[in-house]
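*Asks:* This one is data_1.cif, mmCIF, C-alpha atoms.
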```
data_work
loop_
_atom_site.label_atom_id
_atom_site.label_comp_id
_atom_site.auth_asym_id
_atom_site.auth_seq_id
_atom_site.Cartn_x
_atom_site.Cartn_y
_atom_site.Cartn_z
CA MET A 247 -2.29 18.57 -35.92
CA LEU A 248 -4.46 15.63 -36.98
CA PRO A 249 -5.53 13.57 -33.98
CA ILE A 250 -8.40 11.89 -35.80
CA LEU A 251 -8.82 10.98 -39.45
CA ARG A 252 -12.40 10.27 -40.43
CA VAL A 253 -12.83 7.66 -43.15
CA GLY A 254 -16.54 7.09 -43.64
CA PRO A 255 -17.90 5.80 -40.33
CA LEU A 256 -14.39 5.10 -39.02
CA ALA A 257 -12.49 7.51 -36.79
CA ILE A 258 -8.83 6.59 -37.07
CA GLN A 259 -6.62 7.81 -34.21
CA ILE A 260 -3.54 9.03 -36.07
CA PRO A 261 -1.19 9.33 -33.04
CA GLY A 262 -1.77 5.70 -32.07
CA LEU A 263 -1.53 4.54 -35.66
CA THR A 264 1.77 6.41 -36.08
CA LEU A 265 3.20 4.68 -33.02
CA LEU A 266 2.10 1.26 -34.30
CA LEU A 267 3.69 2.03 -37.66
CA GLY A 268 6.86 3.09 -35.84
CA ILE A 269 6.96 -0.24 -33.98
CA TYR A 270 6.43 -2.17 -37.22
CA LEU A 271 9.09 -0.27 -39.19
CA GLY A 272 11.47 -0.34 -36.25
CA LEU A 273 11.19 -4.11 -35.86
CA THR A 274 11.59 -4.56 -39.62
CA LEU A 275 14.84 -2.60 -39.47
CA VAL A 276 15.97 -4.63 -36.44
CA GLU A 277 15.38 -7.82 -38.45
CA LYS A 278 17.44 -6.56 -41.37
CA THR A 279 20.33 -5.10 -39.42
CA ALA A 280 20.59 -7.98 -36.94
CA SER A 281 21.38 -10.49 -39.66
CA ARG A 282 24.11 -8.19 -41.01
CA ARG A 283 25.58 -8.02 -37.53
CA GLY A 284 25.63 -11.83 -37.45
CA LEU A 285 22.75 -12.11 -34.99
CA LYS A 286 19.54 -14.11 -35.24
CA ALA A 287 16.60 -11.77 -35.72
CA ASP A 288 13.82 -13.98 -34.35
CA PRO A 289 14.75 -13.90 -30.65
CA LEU A 290 15.19 -10.11 -30.86
CA VAL A 291 11.83 -9.52 -32.50
CA ASN A 292 10.18 -11.94 -30.05
CA LEU A 293 11.85 -10.12 -27.18
CA ALA A 294 10.38 -6.82 -28.38
CA LEU A 295 6.93 -8.32 -28.96
CA ILE A 296 6.88 -10.08 -25.58
CA GLY A 297 7.99 -6.84 -23.95
CA LEU A 298 5.15 -4.96 -25.68
CA LEU A 299 2.51 -7.56 -24.82
CA ALA A 300 3.64 -7.83 -21.21
CA GLY A 301 3.72 -4.05 -21.14
CA VAL A 302 0.06 -3.78 -22.09
CA VAL A 303 -1.03 -6.47 -19.62
CA GLY A 304 1.23 -4.99 -16.97
CA ALA A 305 -0.16 -1.50 -17.55
CA ARG A 306 -3.70 -2.79 -16.90
CA LEU A 307 -2.59 -4.78 -13.82
CA SER A 308 -0.75 -1.80 -12.42
CA PHE A 309 -3.79 0.44 -12.97
CA VAL A 310 -6.06 -2.09 -11.28
CA LEU A 311 -3.74 -2.45 -8.29
CA GLN A 312 -3.68 1.31 -7.84
CA HIS A 313 -7.48 1.53 -7.96
CA LEU A 314 -8.58 -1.69 -6.28
CA ALA A 315 -11.50 -0.10 -4.44
CA ILE A 316 -12.89 1.27 -7.71
CA PHE A 317 -12.66 -2.08 -9.49
CA ARG A 318 -14.49 -3.71 -6.56
CA GLN A 319 -17.38 -1.35 -7.33
CA ALA A 320 -17.11 -1.83 -11.11
CA PRO A 321 -15.60 -5.32 -11.65
CA ALA A 322 -16.75 -5.49 -15.29
CA SER A 323 -14.18 -2.81 -16.07
CA LEU A 324 -11.39 -5.34 -15.41
CA ILE A 325 -11.82 -6.79 -18.89
CA SER A 326 -12.82 -3.55 -20.60
CA LEU A 327 -11.02 -2.64 -23.84
CA ASP A 328 -10.90 0.96 -22.59
CA ARG A 329 -7.28 1.99 -23.19
CA SER A 330 -7.52 4.72 -20.59
CA LEU A 331 -7.45 1.98 -17.91
CA LEU A 332 -3.69 1.63 -18.33
CA ASP A 333 -0.82 2.86 -16.19
CA PRO A 334 1.97 3.66 -18.70
CA TRP A 335 4.89 3.58 -16.24
CA GLY A 336 3.71 0.34 -14.68
CA GLY A 337 3.49 -1.07 -18.20
CA VAL A 338 7.00 0.07 -19.08
CA GLY A 339 8.39 -1.52 -15.91
CA ILE A 340 6.65 -4.87 -16.38
CA GLY A 341 7.37 -4.89 -20.14
CA LEU A 342 11.09 -4.35 -19.52
CA LEU A 343 11.11 -7.03 -16.82
CA ALA A 344 9.42 -9.54 -19.13
CA ALA A 345 11.86 -8.71 -21.95
CA LEU A 346 14.77 -9.15 -19.56
CA VAL A 347 13.54 -12.56 -18.37
CA TYR A 348 12.91 -13.71 -21.97
CA GLY A 349 16.34 -12.46 -23.05
CA GLN A 350 18.06 -14.34 -20.23
CA ARG A 351 16.17 -17.53 -21.02
CA LYS A 352 17.20 -17.29 -24.65
CA GLY A 353 20.80 -16.61 -23.68
CA LEU A 354 20.87 -13.13 -25.18
CA VAL A 355 23.70 -10.91 -23.97
CA LEU A 356 22.09 -7.71 -22.66
CA LEU A 357 24.39 -5.14 -24.26
CA THR A 358 24.49 -6.98 -27.60
CA ALA A 359 20.70 -7.25 -27.60
CA LEU A 360 20.33 -3.54 -26.80
CA ASP A 361 22.69 -2.69 -29.68
CA ALA A 362 20.66 -4.87 -32.01
CA LEU A 363 17.40 -3.19 -30.92
CA THR A 364 18.81 0.33 -31.28
CA PRO A 365 17.78 0.76 -34.96
CA GLY A 366 14.20 0.03 -33.89
CA LEU A 367 14.40 2.54 -31.05
CA ALA A 368 15.78 5.19 -33.41
CA VAL A 369 12.90 4.66 -35.85
CA PHE A 370 10.38 4.66 -32.98
CA ALA A 371 11.75 8.02 -31.80
CA VAL A 372 10.83 9.51 -35.20
CA ALA A 373 7.35 7.97 -34.94
CA LEU A 374 6.95 9.38 -31.43
CA GLY A 375 7.69 12.89 -32.73
CA LEU A 376 5.17 12.42 -35.54
CA SER A 377 2.55 11.17 -33.09
CA HIS A 378 3.13 14.29 -30.97
CA ALA A 379 2.69 16.40 -34.12
CA ALA A 380 -0.60 14.62 -34.84
CA SER A 381 -1.96 14.87 -31.29
CA GLY A 382 -0.70 18.38 -30.48
CA LEU A 383 0.96 17.08 -27.30
CA ALA A 384 4.49 18.14 -26.33
CA PHE A 385 3.63 21.61 -27.63
CA GLY A 386 6.05 24.53 -27.89
CA ALA A 387 6.49 27.73 -25.94
CA PRO A 388 5.15 30.98 -27.42
CA THR A 389 7.52 32.61 -29.91
CA THR A 390 7.74 35.54 -32.31
CA LEU A 391 10.00 33.65 -34.71
CA PRO A 392 8.72 33.53 -38.32
CA TRP A 393 8.37 29.72 -38.32
CA GLY A 394 6.14 29.70 -35.25
CA VAL A 395 2.83 27.84 -35.64
CA GLU A 396 -0.63 28.83 -34.42
CA LEU A 397 -1.57 26.34 -31.74
CA ARG A 398 -3.66 26.58 -28.59
CA GLY A 399 -4.28 30.30 -28.73
CA ALA A 400 -0.70 31.43 -29.42
CA THR A 401 2.09 31.40 -32.00
CA ARG A 402 4.33 28.63 -30.71
CA HIS A 403 7.60 26.90 -31.46
CA PRO A 404 6.85 23.87 -33.66
CA SER A 405 8.43 21.71 -30.95
CA GLN A 406 7.04 18.49 -32.44
CA ILE A 407 8.71 19.27 -35.77
CA TYR A 408 11.99 19.96 -33.95
CA GLU A 409 11.55 16.57 -32.28
CA VAL A 410 11.02 14.78 -35.60
CA LEU A 411 13.98 16.53 -37.23
CA THR A 412 16.40 15.71 -34.41
CA ALA A 413 15.19 12.09 -34.32
CA LEU A 414 15.79 11.88 -38.09
CA ALA A 415 19.24 13.42 -37.63
CA ILE A 416 20.10 10.83 -34.95
CA LEU A 417 18.86 8.07 -37.25
CA ALA A 418 21.05 9.42 -40.07
CA VAL A 419 24.14 9.76 -37.83
CA LEU A 420 23.82 6.18 -36.55
CA TRP A 421 22.64 4.60 -39.83
CA LYS A 422 26.02 3.22 -40.94
CA GLN A 423 26.76 1.93 -37.44
CA PHE A 424 23.58 -0.17 -37.44
CA ARG A 425 25.33 -2.70 -39.69
CA GLN A 426 28.74 -2.62 -38.03
CA MET A 427 29.95 -4.71 -35.11
CA ASP A 428 31.48 -2.68 -32.31
CA SER A 429 32.12 -3.08 -28.59
CA PRO A 430 28.91 -4.39 -26.98
CA GLY A 431 26.77 -1.50 -25.79
CA ARG A 432 28.50 1.26 -27.74
CA LEU A 433 25.75 1.74 -30.33
CA PHE A 434 22.98 1.75 -27.72
CA VAL A 435 24.80 4.16 -25.40
CA ARG A 436 25.57 6.46 -28.34
CA PHE A 437 21.88 6.50 -29.23
CA ILE A 438 20.90 7.30 -25.64
CA ALA A 439 23.58 10.03 -25.44
CA LEU A 440 22.42 11.65 -28.67
CA SER A 441 18.76 11.44 -27.61
CA ALA A 442 19.58 12.97 -24.21
CA ALA A 443 21.54 15.78 -25.90
CA ALA A 444 18.60 16.44 -28.24
CA ARG A 445 16.20 16.56 -25.30
CA LEU A 446 18.53 18.88 -23.39
CA LEU A 447 18.51 21.23 -26.35
CA LEU A 448 14.86 21.03 -27.37
CA GLU A 449 13.21 21.11 -23.95
CA ALA A 450 14.09 24.82 -23.86
CA PHE A 451 11.47 25.41 -26.58
CA ARG A 452 8.66 23.44 -24.92
CA GLY A 453 5.59 25.12 -23.46
CA ASP A 454 4.65 22.26 -21.13
CA SER A 455 7.86 21.71 -19.18
CA GLN A 456 7.65 20.61 -15.59
CA LEU A 457 9.58 23.16 -13.57
CA ILE A 458 11.77 22.72 -10.52
CA PHE A 459 13.41 25.38 -8.33
CA GLY A 460 14.31 28.68 -9.94
CA GLY A 461 12.27 27.96 -13.07
CA LEU A 462 14.68 25.22 -14.23
CA ARG A 463 13.18 22.51 -16.41
CA LEU A 464 13.15 19.05 -14.81
CA VAL A 465 13.55 17.11 -18.07
CA GLN A 466 16.62 19.15 -19.04
CA ALA A 467 18.27 18.34 -15.71
CA LEU A 468 17.51 14.62 -16.16
CA ALA A 469 18.70 14.67 -19.78
CA TRP A 470 21.98 16.31 -18.71
CA LEU A 471 22.48 13.61 -16.08
CA VAL A 472 21.81 10.82 -18.60
CA LEU A 473 24.18 12.49 -21.10
CA ALA A 474 26.93 12.75 -18.47
CA VAL A 475 26.58 9.06 -17.51
CA CYS A 476 26.59 7.99 -21.19
CA LEU A 477 29.68 10.07 -22.00
CA TYR A 478 31.48 8.68 -18.96
CA TYR A 479 30.53 5.16 -20.02
CA LEU A 480 31.65 5.68 -23.62
CA GLU A 481 34.88 7.43 -22.67
CA PHE A 482 36.08 5.41 -19.70
CA ARG A 483 34.28 2.06 -19.43
CA LEU A 484 34.07 1.15 -23.12
CA SER A 485 37.51 2.55 -23.94
CA ALA A 486 38.98 0.41 -21.14
CA THR A 487 37.13 -2.65 -22.55
CA ASP A 488 38.49 -1.89 -26.04
CA LYS A 489 42.08 -1.69 -24.71
CA ARG A 490 41.75 -5.06 -22.98
CA MET B 45 42.05 13.08 -31.58
CA GLN B 46 44.04 12.43 -28.42
CA PRO B 47 42.04 11.10 -25.46
CA VAL B 48 43.00 14.16 -23.37
CA GLN B 49 41.70 16.56 -26.03
CA ARG B 50 38.54 14.53 -26.47
CA ARG B 51 37.84 14.47 -22.75
CA PHE B 52 38.42 18.20 -22.57
CA LEU B 53 35.86 18.72 -25.33
CA LEU B 54 33.34 16.42 -23.68
CA THR B 55 33.77 18.29 -20.39
CA LEU B 56 33.19 21.55 -22.26
CA LEU B 57 30.06 20.04 -23.82
CA LEU B 58 28.68 19.13 -20.39
CA LEU B 59 29.48 22.60 -19.05
CA ALA B 60 27.73 24.14 -22.07
CA GLY B 61 24.75 21.92 -21.23
CA LEU B 62 24.62 23.34 -17.71
CA VAL B 63 24.79 26.91 -19.08
CA TRP B 64 21.98 26.06 -21.54
CA ILE B 65 19.81 24.71 -18.72
CA PHE B 66 20.37 27.94 -16.81
CA LEU B 67 19.70 30.15 -19.84
CA SER B 68 16.50 28.32 -20.78
CA ARG B 69 14.91 28.55 -17.35
CA THR B 70 11.49 30.14 -17.42
CA GLU B 71 9.30 32.06 -15.05
CA LEU B 72 6.15 30.84 -16.80
CA PRO B 73 4.08 28.22 -15.01
CA ALA B 74 4.75 24.63 -15.98
CA THR B 75 1.58 24.60 -18.03
CA PRO B 76 -0.53 27.54 -19.18
CA SER B 77 -3.60 26.37 -17.24
CA GLY B 78 -5.61 29.33 -16.03
CA LEU B 79 -4.17 31.58 -18.69
CA VAL B 80 -5.11 30.32 -22.12
CA PRO B 81 -8.40 28.63 -22.98
CA ALA B 82 -7.84 25.64 -25.27
CA PRO B 83 -9.36 22.15 -25.46
CA GLN B 84 -6.25 20.33 -24.27
CA ALA B 85 -4.94 19.02 -20.97
CA GLY B 86 -3.05 21.71 -19.10
CA PHE B 87 -5.16 24.57 -20.49
CA LEU B 88 -8.24 26.40 -19.26
CA ALA B 89 -11.47 24.73 -20.40
CA PRO B 90 -13.05 27.05 -23.00
CA ASP B 91 -16.29 28.48 -21.68
CA PHE B 92 -19.69 27.90 -23.29
CA ARG B 93 -23.33 28.53 -22.49
CA LEU B 94 -25.85 25.99 -23.77
CA GLU B 95 -29.52 25.18 -23.43
CA THR B 96 -30.27 22.08 -21.41
CA LEU B 97 -32.70 19.33 -22.25
CA ASP B 98 -35.00 20.37 -19.41
CA GLY B 99 -35.34 23.90 -20.81
CA GLY B 100 -32.75 25.63 -18.65
CA GLN B 101 -29.28 26.90 -19.43
CA VAL B 102 -25.84 25.84 -18.32
CA ARG B 103 -22.59 27.80 -18.44
CA LEU B 104 -19.41 25.82 -17.89
CA SER B 105 -17.66 28.54 -15.90
CA ASP B 106 -20.60 28.60 -13.46
CA LEU B 107 -19.63 25.06 -12.46
CA ARG B 108 -16.22 26.16 -11.10
CA GLY B 109 -15.39 24.69 -7.74
CA GLN B 110 -16.56 21.24 -8.83
CA VAL B 111 -15.03 18.46 -10.86
CA VAL B 112 -16.81 18.51 -14.23
CA VAL B 113 -16.86 15.63 -16.69
CA VAL B 114 -17.82 17.09 -20.07
CA ASN B 115 -18.86 14.30 -22.42
CA PHE B 116 -19.54 15.14 -26.09
CA TRP B 117 -21.97 12.63 -27.56
CA ALA B 118 -24.73 11.86 -30.07
CA THR B 119 -27.52 9.26 -30.13
CA TRP B 120 -26.35 7.79 -33.45
CA CYS B 121 -22.84 7.11 -32.10
CA PRO B 122 -22.55 3.49 -30.81
CA PRO B 123 -19.64 4.03 -28.37
CA CYS B 124 -21.43 7.12 -26.98
CA ARG B 125 -24.53 5.02 -26.33
CA ALA B 126 -22.43 2.26 -24.81
CA GLU B 127 -20.78 4.53 -22.24
CA MET B 128 -23.97 6.25 -21.07
CA PRO B 129 -24.74 3.62 -18.36
CA ALA B 130 -21.26 4.18 -16.92
CA LEU B 131 -21.78 7.96 -16.91
CA GLN B 132 -25.17 7.52 -15.22
CA ALA B 133 -23.71 5.14 -12.61
CA VAL B 134 -20.93 7.63 -11.85
CA HIS B 135 -23.44 10.49 -11.67
CA GLU B 136 -25.47 8.54 -9.09
CA ALA B 137 -22.38 7.56 -7.11
CA TYR B 138 -20.95 11.10 -6.90
CA ASP B 139 -24.16 13.13 -6.75
CA GLY B 140 -23.73 15.86 -4.13
CA ARG B 141 -19.99 15.23 -3.78
CA GLY B 142 -18.74 18.08 -5.95
CA VAL B 143 -18.86 16.20 -9.24
CA ILE B 144 -20.94 17.22 -12.26
CA ILE B 145 -21.50 15.02 -15.29
CA LEU B 146 -22.35 17.20 -18.28
CA GLY B 147 -23.36 15.45 -21.48
CA VAL B 148 -23.08 17.82 -24.43
CA ASN B 149 -25.22 16.44 -27.22
CA ALA B 150 -24.13 17.33 -30.76
CA THR B 151 -27.71 18.34 -31.50
CA SER B 152 -26.92 19.99 -34.83
CA GLN B 153 -25.94 16.49 -36.05
CA ASP B 154 -28.67 14.73 -34.09
CA SER B 155 -32.43 14.90 -33.65
CA LEU B 156 -33.97 16.50 -30.59
CA ASP B 157 -36.66 13.81 -30.52
CA ALA B 158 -34.02 11.09 -30.57
CA VAL B 159 -32.21 12.78 -27.68
CA HIS B 160 -35.41 12.98 -25.60
CA GLU B 161 -36.24 9.35 -26.37
CA PHE B 162 -32.71 8.15 -25.57
CA VAL B 163 -32.52 10.03 -22.27
CA THR B 164 -35.97 8.76 -21.22
CA ASP B 165 -35.32 5.15 -22.27
CA HIS B 166 -31.98 5.03 -20.45
CA GLU B 167 -33.27 6.97 -17.43
CA LEU B 168 -30.39 9.42 -17.60
CA SER B 169 -30.61 11.96 -14.80
CA PHE B 170 -27.37 13.88 -15.31
CA LEU B 171 -27.22 17.28 -16.97
CA VAL B 172 -27.68 17.08 -20.76
CA ALA B 173 -26.87 20.21 -22.76
CA LEU B 174 -27.83 20.78 -26.39
CA ASP B 175 -25.21 22.06 -28.81
CA LEU B 176 -27.78 23.35 -31.30
CA ASP B 177 -25.40 25.35 -33.54
CA ASN B 178 -22.35 23.06 -33.12
CA GLY B 179 -20.55 25.98 -31.41
CA ALA B 180 -19.34 23.98 -28.40
CA ASN B 181 -18.18 21.12 -30.66
CA ARG B 182 -16.19 23.64 -32.74
CA LEU B 183 -14.81 25.35 -29.64
CA TYR B 184 -13.59 22.01 -28.30
CA GLU B 185 -12.30 20.93 -31.74
CA ILE B 186 -14.30 17.70 -31.55
CA ARG B 187 -13.24 15.40 -34.38
CA SER B 188 -14.64 12.19 -33.00
CA LEU B 189 -17.50 11.21 -30.72
CA PRO B 190 -17.45 10.50 -27.87
CA THR B 191 -14.79 12.81 -26.49
CA THR B 192 -14.59 13.40 -22.76
CA PHE B 193 -12.91 16.26 -20.89
CA PHE B 194 -12.09 16.02 -17.20
CA VAL B 195 -12.14 19.53 -15.78
CA ARG B 196 -10.59 20.48 -12.43
CA PRO B 197 -12.47 22.68 -9.93
CA ASP B 198 -10.23 25.61 -11.01
CA GLY B 199 -11.46 25.25 -14.61
CA GLY B 200 -8.29 23.68 -15.98
CA ILE B 201 -8.52 20.58 -18.16
CA ALA B 202 -6.88 17.61 -16.45
CA GLU B 203 -7.30 15.05 -19.22
CA VAL B 204 -8.96 14.50 -22.57
CA VAL B 205 -10.14 11.04 -23.60
CA ILE B 206 -10.92 10.73 -27.30
CA GLY B 207 -13.08 7.77 -28.25
CA GLY B 208 -14.92 5.25 -26.17
CA PRO B 209 -16.74 3.60 -24.64
CA MET B 210 -15.10 4.59 -21.37
CA ALA B 211 -15.40 2.02 -18.62
CA GLU B 212 -17.01 2.97 -15.33
CA ALA B 213 -13.72 2.33 -13.52
CA ALA B 214 -11.91 4.71 -15.87
CA LEU B 215 -14.38 7.47 -15.01
CA ARG B 216 -14.26 6.75 -11.29
CA ALA B 217 -10.44 6.59 -11.20
CA ARG B 218 -10.07 10.00 -12.85
CA ILE B 219 -12.77 11.59 -10.70
CA GLU B 220 -11.20 10.21 -7.52
CA ASP B 221 -7.80 11.58 -8.56
CA LEU B 222 -9.31 15.02 -9.20
CA LEU B 223 -11.24 15.00 -5.91
CA GLN B 224 -8.03 14.16 -4.06
CA GLU B 225 -6.22 16.99 -5.85
CA ALA B 226 -8.85 19.52 -4.80
CA PRO B 227 -7.86 21.70 -1.81
#
```
Just dump the structure as structure tokens.

*Replies:*
Amino acid sequence: MLPILRVGPLAIQIPGLTLLLGIYLGLTLVEKTASRRGLKADPLVNLALIGLLAGVVGARLSFVLQHLAIFRQAPASLISLDRSLLDPWGGVGIGLLAALVYGQRKGLVLLTALDALTPGLAVFAVALGLSHAASGLAFGAPTTLPWGVELRGATRHPSQIYEVLTALAILAVLWKQFRQMDSPGRLFVRFIALSAAARLLLEAFRGDSQLIFGGLRLVQALAWLVLAVCLYYLEFRLSATDKR
Amino acid sequence: MQPVQRRFLLTLLLLAGLVWIFLSRTELPATPSGLVPAPQAGFLAPDFRLETLDGGQVRLSDLRGQVVVVNFWATWCPPCRAEMPALQAVHEAYDGRGVIILGVNATSQDSLDAVHEFVTDHELSFLVALDLDNGANRLYEIRSLPTTFFVRPDGGIAEVVIGGPMAEAALRARIEDLLQEAP
């Protein structure tokens, strides 16, 4: 765990830096693989950047709208650089919407664009695991296994390391397919299916799961549902498209 | 592989997933709050007893039943200094409403005179505790100042904000959320 790295007077936030590095490396890979798939890289990279920028602005707007009364009392906070004044889910929603609008304006086909962005998403998933390892978030359940790590007053599953390893495995499995043309959407749906399967497996070792009835883990149930939809799509919808 | 065989395998995979979900159910609470003290959201806020600037003492666990904003700071830290007016404004706004602002000064890395001067100059009236031996900073694994912990009335940590300066709205929004959560 290394949330902060002190370099002289600077305190560098490693989790945030890891995510930024993941975005940079992911977009670099998107640029390289897109050209091999016969696609122009610029609109794809712009789409990702516009999505990110709109996501940040949207996250602030969403936070403000949810706390209007507070901002009336402290209006200067509207333009504060405080990153804790962001609503992540609002940002994701507005970022995706902006990316969708930009993609449509540029004439990008949704499934083809998602396939082209998949290498970036796969790299970002590795960075996300590393950022969790640095911050200590997404921590594991207590264990007596010999590879358990001391964290937060207990010997725990190194769930963040599991996350990094599975993300690397998914990256390795899909690596060759990044450069191949296939039915539109197949690469992206495969990535989502593999990620959902990994989450279904790994959530069992987490110590911070949100529980639903009977002690079942909410994220596992959602991951199973996503996996089922992806497998149905790959097996029935895409196979039917291939036959036509 | 024939489509029928493949679909059979995929169905088996999904069934195995359901069995795995059932096998990995847990009776433990969603987060270990209330059980394990650790300086992270979802855990119990580690307890400490410190001297205060006015000569008294404060123990974190004695503040149970109230929302507590524990802000680790030092006078030489520019973002700490920058967020003090926001902390003071929030202290004035929520005084008597079940909210305590507790500034924990990293006194072992600071000067007591500088702390007195800073608090007087900025007319800070919230509770300022002195971490003379750096024990509270170690207990809370402080790697960067300021770091702010939002503690629920039950003693569990709701959120940790590393770095600053925090805007007044950010403080108010989190406090309002915690006040609404309270029974």

*Asks:* Restrict the distance test to all atoms listed in the file, flag each residue of chain A within 9 Å of chain B, and return the flagged residues as an MDAnalysis selection string.

*Replies:* chainID A and resid 249:252 257 259 313 316:317 319:324 326:331 382:383 398:400 443 446:447 449:451 453:457 460:463 466:467 470 473:474 477 481

*Asks:* For Ala442 in chain A, which residue out of A:Leu354, A:Val465, A:Leu266, A:Val338 is the nearest one, using all atoms listed in the file?

*Replies:*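 Of all the options, A:Val465 lies closest to Ala442 in chain A.
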
*Asks:* Going by the chain IDs and residue numbers used in this file, which residues fall under the PyMOL selection byres ((chain A and resi 381) around 7)? Write them as a list in words.

*Replies:*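 Given this file, the PyMOL selection byres ((chain A and resi 381) around 7) evaluates to Met247, Leu248, Pro249, Pro261, Ser377, His378, Ala379, Ala380, Gly382 and Leu383 of chain A.
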
*Asks:* Once the PyMOL selection byres ((chain A and resi 393) around 12) is applied to the coordinates I shared, what remains selected? I want it as a list in words.

*Replies:*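 For this structure, the PyMOL selection byres ((chain A and resi 393) around 12) resolves to Gly386, Pro388, Thr389, Thr390, Leu391, Pro392, Gly394, Val395, Glu396, Thr401, Arg402, His403, Pro404, Ser405, Ile407 and Tyr408 of chain A.
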
*Asks:* Hey, what's within 6 Å of Leu265 in chain A if we count all atoms listed in the file and toss same-chain stuff fewer than 3 positions away? As a list in words, please?

*Replies:*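 Here the answer would be Gly262, Gly268 and Ala373 of chain A.
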
*Asks:* Tell me which residues come within 6 Å of (10.2, 13.1, -32.5), as a PyMOL selection string, counting only C-alpha atoms in the file's coordinates.

*Replies:* chain A and resi 371-372+374-376+409-410+413

*Asks:* When you count all atoms listed in the file, which of these residues is closest to Leu360 in chain A: A:Gly284, A:Gly254, A:Pro430, A:Gly272?

*Replies:*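 Going through A:Gly284, A:Gly254, A:Pro430, A:Gly272 one by one, the smallest distance to Leu360 in chain A is for A:Pro430.
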
*Asks:* Interatomic distance between CA of Ser281 in chain A and CA of Ala362 in chain A?

*Replies:*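 Computed distance, CA of Ser281 in chain A to CA of Ala362 in chain A, equals 9.5 Å.
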
*Asks:* For CA of Ser105 in chain B and CA of Leu156 in chain B, determine how far apart the two atoms are, in Å to one decimal place.

*Replies:*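 Result for CA of Ser105 in chain B versus CA of Leu156 in chain B: 25.0 Å, one decimal.
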
*Asks:* Which residue, B:Arg182, B:Arg108, B:His135, B:His160, has the smallest gap to Arg196 in chain B when you use all atoms listed in the file?

*Replies:*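 Closest candidate: B:Arg108.
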